[in-house]
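J.: Mind looking over this structure? Questions follow.
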Amino acid sequence: MTVRLEREQRTMLWTLTMHAHDAASAHPILGDRYAADLLARVDDPPDLGLSLGGNTPLICARAKLIDDAARTWLAQHDEAVVLHLGCGLDSRVLRLDPGPGVRWFDVDQEPVIDLRRRLYASAPSTTVAGDVTDPSFFEQFPDDGPRLVIAEGLLMYLDPTGVRAVIDGALTPGSTLVADTVAPWVTWVAGLQPAMRAADTSFRSSTADLARVAPRLVDEQSLVDATATRTDGLTSTTVRLFALVPHARYAMVLQRYETP
Ligand SMILES: C[S@@+](CC[C@H](N)C(=O)[O-])C[C@H]1O[C@@H](n2cnc3c(N)ncnc32)[C@H](O)[C@@H]1O
């Protein structure tokens, strides 16, 4: 199935490919059993190469931690709204299988949602196409219950004004935000990554930009640590050594924020 994807829209095929590779490995971190089938139906799936493919454990550890955080939150909220922002083709709603009282919205830009609708014959979620940085975008979602907002691999592609728009628009009172962000130095290093340059995209904001506009931080986990503990052998040793380099441990973090 083909669709014209531009810039950061193409990156969701990278994460999908990583999920598929992880699931086919001897010791999966995430074990996304839907990814390979979805990928097989995408025309022109990406070749990650060594440099991008090396991020597979990190990206799958991130997804695993977000699945766990969402599962815990859903166990405490039978009636709720979930906004899965920048969902790409991710099968989280199938992996978590939320109960009937949960209204789940999978949100991304138009071409991605177009592809998603064609690839997912039926899924227990509502797909919504749009730009999360549009100040009026979030007016269409129900605000009559507890809300979980998930932003995985999204905020770094937005500039600081876009991050503020997501915080101001998506978070109603009593909301929880689960999002990953990157250290300021990573925004610079990411610009050197050949695949990012070929896709004509870049990281435009960091953890510092989110901290400036977000509500109360209730939890933070190093995704470098999460990768080290979920891998073994040379990969785990390399990640553990990397974590000893100053500022490396918090290169990418998973944060949970709550609004009063
Ligand atoms: C790295 S992918 C992550 C996809 C998915 N969360 C995952 O982990 O597999 C980034 C996603 O963010 C989406 N995105 C970027 N900017 C966006 C915006 N302004 N509005 C909506 N979605 C956006 C892209 O289209 C892309 O699907």
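Numbering starts fresh at 1 for the residues of each chain in the structure tokens, the chains themselves are lettered A, B, ... in the order given, and ligands are numbered from 1 as they appear.
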Please provide the set of residues having any atom within 8 Å of A:Leu83, restricted to only C-alpha atoms, with same-chain residues fewer than 5 positions apart removed, written as a ChimeraX atom specification.
T.: /A:104-107,147-150
J.: Can you list every residue of chain A that has an atom at most 6 Å from ligand 1, with its nearest atom pair and the distance in Å to one decimal, using only C-alpha atoms and all ligand atoms, ordered by chain then number, as JSON lines?
T.:
```
{"residue": "A:Glu8", "atom": "CA", "partner": "ligand 1", "partner_atom_place_in_ligand_line": "24 (C)", "distance": 5.2}
{"residue": "A:Gln9", "atom": "CA", "partner": "ligand 1", "partner_atom_place_in_ligand_line": "25 (O)", "distance": 3.6}
{"residue": "A:Thr11", "atom": "CA", "partner": "ligand 1", "partner_atom_place_in_ligand_line": "1 (C)", "distance": 4.7}
{"residue": "A:Met12", "atom": "CA", "partner": "ligand 1", "partner_atom_place_in_ligand_line": "2 (S)", "distance": 3.8}
{"residue": "A:Thr15", "atom": "CA", "partner": "ligand 1", "partner_atom_place_in_ligand_line": "9 (O)", "distance": 4.7}
{"residue": "A:Leu16", "atom": "CA", "partner": "ligand 1", "partner_atom_place_in_ligand_line": "9 (O)", "distance": 5.6}
{"residue": "A:Gly86", "atom": "CA", "partner": "ligand 1", "partner_atom_place_in_ligand_line": "12 (O)", "distance": 3.7}
{"residue": "A:Cys87", "atom": "CA", "partner": "ligand 1", "partner_atom_place_in_ligand_line": "6 (N)", "distance": 4.1}
{"residue": "A:Gly88", "atom": "CA", "partner": "ligand 1", "partner_atom_place_in_ligand_line": "27 (O)", "distance": 3.7}
{"residue": "A:Asp90", "atom": "CA", "partner": "ligand 1", "partner_atom_place_in_ligand_line": "9 (O)", "distance": 4.8}
{"residue": "A:Asp108", "atom": "CA", "partner": "ligand 1", "partner_atom_place_in_ligand_line": "22 (N)", "distance": 3.9}
{"residue": "A:Gln109", "atom": "CA", "partner": "ligand 1", "partner_atom_place_in_ligand_line": "21 (C)", "distance": 4.5}
{"residue": "A:Gly130", "atom": "CA", "partner": "ligand 1", "partner_atom_place_in_ligand_line": "21 (C)", "distance": 5.8}
{"residue": "A:Asp131", "atom": "CA", "partner": "ligand 1", "partner_atom_place_in_ligand_line": "20 (N)", "distance": 3.6}
{"residue": "A:Val132", "atom": "CA", "partner": "ligand 1", "partner_atom_place_in_ligand_line": "20 (N)", "distance": 4.1}
{"residue": "A:Thr133", "atom": "CA", "partner": "ligand 1", "partner_atom_place_in_ligand_line": "19 (N)", "distance": 5.3}
{"residue": "A:Glu152", "atom": "CA", "partner": "ligand 1", "partner_atom_place_in_ligand_line": "6 (N)", "distance": 4.5}
{"residue": "A:Gly153", "atom": "CA", "partner": "ligand 1", "partner_atom_place_in_ligand_line": "1 (C)", "distance": 4.5}
{"residue": "A:Leu154", "atom": "CA", "partner": "ligand 1", "partner_atom_place_in_ligand_line": "12 (O)", "distance": 4.6}
{"residue": "A:Tyr157", "atom": "CA", "partner": "ligand 1", "partner_atom_place_in_ligand_line": "15 (C)", "distance": 5.8}
```
J.: Would you mind writing down, as a PyMOL selection string, each residue of stretch 9-228 of chain A that DSSP on the backbone assigns to strand (DSSP E or B)?
T.: chain A and resi 80-85+102-108+126-129+147-151+175-182+216-222
J.: Just write the chosen residues, N, CA, C and O atoms, as a CSV table (one decimal), in the first residue's frame.
T.:
```csv
chain,number,residue,atom,x,y,z
A,80,ALA,N,-12.6,6.5,30.5
A,80,ALA,CA,-11.5,7.5,30.3
A,80,ALA,C,-11.3,7.8,28.8
A,80,ALA,O,-11.9,7.1,27.9
A,81,VAL,N,-10.6,8.8,28.5
A,81,VAL,CA,-10.2,9.2,27.1
A,81,VAL,C,-8.7,9.1,27.0
A,81,VAL,O,-8.0,9.5,27.8
A,82,VAL,N,-8.3,8.4,25.9
A,82,VAL,CA,-6.9,8.3,25.6
A,82,VAL,C,-6.6,9.0,24.3
A,82,VAL,O,-7.2,8.7,23.3
A,83,LEU,N,-5.7,10.0,24.3
A,83,LEU,CA,-5.2,10.6,23.1
A,83,LEU,C,-3.8,10.1,22.8
A,83,LEU,O,-2.9,10.4,23.5
A,84,HIS,N,-3.7,9.3,21.7
A,84,HIS,CA,-2.4,8.7,21.3
A,84,HIS,C,-1.9,9.6,20.2
A,84,HIS,O,-2.2,9.4,19.0
A,85,LEU,N,-1.1,10.6,20.6
A,85,LEU,CA,-0.6,11.6,19.6
A,85,LEU,C,0.6,11.2,18.8
A,85,LEU,O,1.5,10.6,19.4
A,102,VAL,N,-13.3,2.9,27.6
A,102,VAL,CA,-12.2,3.8,27.2
A,102,VAL,C,-12.4,4.2,25.8
A,102,VAL,O,-12.6,3.4,24.9
A,103,ARG,N,-12.4,5.6,25.6
A,103,ARG,CA,-12.5,6.1,24.2
A,103,ARG,C,-11.1,6.5,23.8
A,103,ARG,O,-10.5,7.4,24.4
A,104,TRP,N,-10.6,5.7,22.8
A,104,TRP,CA,-9.2,5.8,22.4
A,104,TRP,C,-9.1,6.5,21.1
A,104,TRP,O,-9.8,6.1,20.1
A,105,PHE,N,-8.3,7.6,21.0
A,105,PHE,CA,-8.1,8.3,19.7
A,105,PHE,C,-6.7,8.2,19.2
A,105,PHE,O,-5.8,8.5,20.0
A,106,ASP,N,-6.5,7.6,18.0
A,106,ASP,CA,-5.2,7.6,17.4
A,106,ASP,C,-5.1,8.8,16.5
A,106,ASP,O,-5.9,8.9,15.5
A,107,VAL,N,-4.1,9.6,16.8
A,107,VAL,CA,-4.0,10.9,16.1
A,107,VAL,C,-2.7,11.1,15.4
A,107,VAL,O,-1.6,10.7,15.9
A,108,ASP,N,-2.7,11.5,14.2
A,108,ASP,CA,-1.5,11.8,13.4
A,108,ASP,C,-1.8,12.7,12.2
A,108,ASP,O,-3.0,13.1,12.1
A,126,THR,N,-10.7,5.5,17.4
A,126,THR,CA,-11.1,6.4,16.5
A,126,THR,C,-9.8,7.1,15.9
A,126,THR,O,-9.0,7.5,16.7
A,127,THR,N,-9.7,7.2,14.6
A,127,THR,CA,-8.5,7.8,14.0
A,127,THR,C,-8.9,9.3,13.7
A,127,THR,O,-9.9,9.5,13.2
A,128,VAL,N,-7.9,10.2,14.0
A,128,VAL,CA,-8.2,11.6,13.8
A,128,VAL,C,-6.9,12.2,13.1
A,128,VAL,O,-5.8,12.1,13.6
A,129,ALA,N,-7.2,12.8,12.0
A,129,ALA,CA,-6.1,13.4,11.2
A,129,ALA,C,-6.0,14.9,11.5
A,129,ALA,O,-7.0,15.6,11.6
A,147,ARG,N,-8.2,11.9,31.4
A,147,ARG,CA,-7.6,11.8,30.1
A,147,ARG,C,-6.1,11.4,30.2
A,147,ARG,O,-5.4,12.0,31.0
A,148,LEU,N,-5.7,10.4,29.4
A,148,LEU,CA,-4.3,10.0,29.3
A,148,LEU,C,-3.8,10.5,27.9
A,148,LEU,O,-4.4,10.1,26.9
A,149,VAL,N,-2.8,11.3,27.9
A,149,VAL,CA,-2.2,11.8,26.6
A,149,VAL,C,-0.8,11.1,26.4
A,149,VAL,O,0.0,11.2,27.3
A,150,ILE,N,-0.7,10.4,25.3
A,150,ILE,CA,0.6,9.7,25.1
A,150,ILE,C,1.2,10.4,23.9
A,150,ILE,O,0.6,10.5,22.8
A,151,ALA,N,2.5,10.8,24.0
A,151,ALA,CA,3.2,11.4,22.9
A,151,ALA,C,4.5,10.6,22.8
A,151,ALA,O,5.5,10.9,23.5
A,175,SER,N,-5.5,15.6,33.7
A,175,SER,CA,-4.9,14.7,32.7
A,175,SER,C,-3.6,14.2,33.1
A,175,SER,O,-2.9,14.8,34.0
A,176,THR,N,-3.2,13.1,32.5
A,176,THR,CA,-1.8,12.6,32.7
A,176,THR,C,-1.2,12.6,31.3
A,176,THR,O,-1.8,12.2,30.3
A,177,LEU,N,0.1,13.1,31.2
A,177,LEU,CA,0.8,13.1,30.0
A,177,LEU,C,2.0,12.1,30.1
A,177,LEU,O,2.8,12.2,31.1
A,178,VAL,N,2.1,11.2,29.2
A,178,VAL,CA,3.3,10.3,29.2
A,178,VAL,C,4.0,10.6,27.8
A,178,VAL,O,3.4,10.4,26.8
A,179,ALA,N,5.3,11.1,28.0
A,179,ALA,CA,6.0,11.6,26.7
A,179,ALA,C,7.5,11.3,26.9
A,179,ALA,O,8.0,11.4,28.0
A,180,ASP,N,8.1,11.1,25.8
A,180,ASP,CA,9.6,11.0,25.8
A,180,ASP,C,10.1,12.3,25.2
A,180,ASP,O,9.5,12.9,24.3
A,181,THR,N,11.3,12.7,25.7
A,181,THR,CA,12.0,13.9,25.2
A,181,THR,C,13.5,13.6,25.1
A,181,THR,O,13.9,12.6,25.7
A,182,VAL,N,14.2,14.5,24.5
A,182,VAL,CA,15.6,14.3,24.4
A,182,VAL,C,16.4,15.5,25.0
A,182,VAL,O,15.9,16.6,25.0
A,216,ARG,N,2.9,19.4,36.4
A,216,ARG,CA,3.7,18.8,37.5
A,216,ARG,C,4.4,17.5,37.0
A,216,ARG,O,3.7,16.6,36.6
A,217,LEU,N,5.7,17.5,37.1
A,217,LEU,CA,6.4,16.2,36.7
A,217,LEU,C,6.3,15.2,37.9
A,217,LEU,O,6.7,15.5,39.0
A,218,VAL,N,5.8,14.0,37.6
A,218,VAL,CA,5.6,13.0,38.7
A,218,VAL,C,6.6,11.9,38.5
A,218,VAL,O,6.7,11.1,39.5
A,219,ASP,N,7.1,11.7,37.3
A,219,ASP,CA,8.0,10.5,37.2
A,219,ASP,C,9.0,10.8,36.0
A,219,ASP,O,8.5,11.4,35.0
A,220,GLU,N,10.2,10.3,36.1
A,220,GLU,CA,11.1,10.4,35.0
A,220,GLU,C,12.0,9.1,35.0
A,220,GLU,O,12.5,8.7,36.0
A,221,GLN,N,12.1,8.5,33.8
A,221,GLN,CA,12.9,7.3,33.7
A,221,GLN,C,13.9,7.5,32.5
A,221,GLN,O,13.5,8.0,31.5
A,222,SER,N,15.2,7.1,32.8
A,222,SER,CA,16.2,7.2,31.7
A,222,SER,C,15.9,6.1,30.7
A,222,SER,O,15.9,4.9,31.1
```
J.: Which polymer residues have any atom within 10 Å of an atom of A:Arg71, counting only C-alpha atoms, with same-chain residues fewer than 4 positions away left out, as an NGL selection string?
T.: :A and (65-67 or 75-77 or 95-98)
J.: Please save N, CA, C and O atoms of the selected residues as a PDB file, in the first residue's frame.
T.:
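Result file follows (part_18.pdb):
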```
ATOM      1  N   LEU A  65       8.004   0.634  27.915  1.00  0.00           N
ATOM      2  CA  LEU A  65       7.748   1.423  29.125  1.00  0.00           C
ATOM      3  C   LEU A  65       6.437   2.209  29.000  1.00  0.00           C
ATOM      4  O   LEU A  65       5.692   2.349  29.973  1.00  0.00           O
ATOM      5  N   ILE A  66       6.161   2.711  27.807  1.00  0.00           N
ATOM      6  CA  ILE A  66       4.911   3.472  27.622  1.00  0.00           C
ATOM      7  C   ILE A  66       3.716   2.523  27.691  1.00  0.00           C
ATOM      8  O   ILE A  66       2.688   2.853  28.287  1.00  0.00           O
ATOM      9  N   ASP A  67       3.841   1.340  27.094  1.00  0.00           N
ATOM     10  CA  ASP A  67       2.765   0.329  27.236  1.00  0.00           C
ATOM     11  C   ASP A  67       2.502   0.063  28.717  1.00  0.00           C
ATOM     12  O   ASP A  67       1.349   0.027  29.162  1.00  0.00           O
ATOM     13  N   ALA A  75      -5.721   0.601  34.241  1.00  0.00           N
ATOM     14  CA  ALA A  75      -6.232  -0.273  35.307  1.00  0.00           C
ATOM     15  C   ALA A  75      -6.922   0.547  36.399  1.00  0.00           C
ATOM     16  O   ALA A  75      -7.759   0.036  37.131  1.00  0.00           O
ATOM     17  N   GLN A  76      -6.575   1.840  36.472  1.00  0.00           N
ATOM     18  CA  GLN A  76      -7.166   2.708  37.502  1.00  0.00           C
ATOM     19  C   GLN A  76      -8.294   3.577  36.948  1.00  0.00           C
ATOM     20  O   GLN A  76      -8.891   4.359  37.677  1.00  0.00           O
ATOM     21  N   HIS A  77      -8.531   3.503  35.640  1.00  0.00           N
ATOM     22  CA  HIS A  77      -9.538   4.370  35.018  1.00  0.00           C
ATOM     23  C   HIS A  77     -10.376   3.554  34.022  1.00  0.00           C
ATOM     24  O   HIS A  77      -9.980   3.391  32.870  1.00  0.00           O
ATOM     25  N   ARG A  95      -2.384  -3.847  21.429  1.00  0.00           N
ATOM     26  CA  ARG A  95      -1.556  -4.486  22.464  1.00  0.00           C
ATOM     27  C   ARG A  95      -2.197  -4.337  23.844  1.00  0.00           C
ATOM     28  O   ARG A  95      -2.143  -5.240  24.668  1.00  0.00           O
ATOM     29  N   LEU A  96      -2.797  -3.166  24.087  1.00  0.00           N
ATOM     30  CA  LEU A  96      -3.337  -2.911  25.434  1.00  0.00           C
ATOM     31  C   LEU A  96      -4.786  -3.363  25.573  1.00  0.00           C
ATOM     32  O   LEU A  96      -5.251  -3.604  26.677  1.00  0.00           O
ATOM     33  N   ASP A  97      -5.484  -3.401  24.454  1.00  0.00           N
ATOM     34  CA  ASP A  97      -6.868  -3.884  24.448  1.00  0.00           C
ATOM     35  C   ASP A  97      -7.694  -3.242  25.577  1.00  0.00           C
ATOM     36  O   ASP A  97      -8.164  -3.950  26.490  1.00  0.00           O
ATOM     37  N   PRO A  98      -7.894  -1.917  25.531  1.00  0.00           N
ATOM     38  CA  PRO A  98      -8.595  -1.242  26.630  1.00  0.00           C
ATOM     39  C   PRO A  98     -10.059  -1.681  26.711  1.00  0.00           C
ATOM     40  O   PRO A  98     -10.639  -2.151  25.735  1.00  0.00           O
TER      41      PRO A  98
END
```
J.: Within 7 Å of A:Pro215, counting only C-alpha atoms, which residues qualify if same-chain residues fewer than 5 places away don't, as a PDB file with C-alpha atoms, in the first residue's frame?
T.:
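Output below, filename part-v7.pdb:
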```pdb
ATOM      1  CA  TYR A 257       3.234  14.781  34.040  1.00  0.00           C
ATOM      2  CA  GLU A 258      -0.100  15.379  35.773  1.00  0.00           C
ATOM      3  CA  THR A 259      -2.350  18.412  35.675  1.00  0.00           C
TER       4      THR A 259
END
```
J.: Here is a test: counting only C-alpha atoms, which residue of A:Ala165, A:Val42, A:Val93, A:Ala226 is nearest to A:Arg118?
T.: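 Answer, going by the shortest atom-to-atom distance: A:Val42.
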J.: Between atom CA of A:Arg4 and atom CA of A:Asp47, what is the distance, to one decimal in Å?
T.: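 Pair atom CA of A:Arg4 / atom CA of A:Asp47 returns 17.2 Å.
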J.: I need the residues of stretch 64-118 of chain A that end up classed as helix (DSSP H, G or I) by DSSP on the backbone, written out as a list in words.
T.: Lys64, Leu65, Ile66, Asp67, Asp68, Ala69, Ala70, Arg71, Thr72, Trp73, Leu74, Ala75, Arg92, Val93, Leu94, Arg95, Leu96, Glu110, Pro111, Val112, Ile113, Asp114, Leu115, Arg116, Arg117 and Arg118 of chain A
J.: Separation of atom CA of A:Gly53 and atom CA of A:Tyr120, in Å?
T.: 25.3 Å
J.: Extract, using only C-alpha atoms, all DNA, RNA and protein residues at most 9 Å from A:Val224, discarding same-chain residues fewer than 4 positions from it, and format them as a VMD selection string.
T.: chain A and resid 58 61 228 to 229 239 to 240 242 to 243 248 to 253
J.: Hey, what's within 10 Å of A:Trp14 if we count only C-alpha atoms and toss same-chain stuff fewer than 3 positions away? As a PyMOL selection string, please?
T.: chain A and resi 9-11+17-20+45-48+52-53+55-56+59+195
J.: Looking at A:Thr161, A:Gln255, A:Ser125, A:Thr172, which one is nearest to A:Glu139, with distances taken over only C-alpha atoms?
T.: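 Among the listed residues, the smallest separation from A:Glu139 belongs to A:Thr172.
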J.: Rounded to one decimal, what separation in Å do you get between atom CA of A:Ser51 and atom CA of A:Leu254?
T.: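 Separation of atom CA of A:Ser51 and atom CA of A:Leu254: 22.3 Å.
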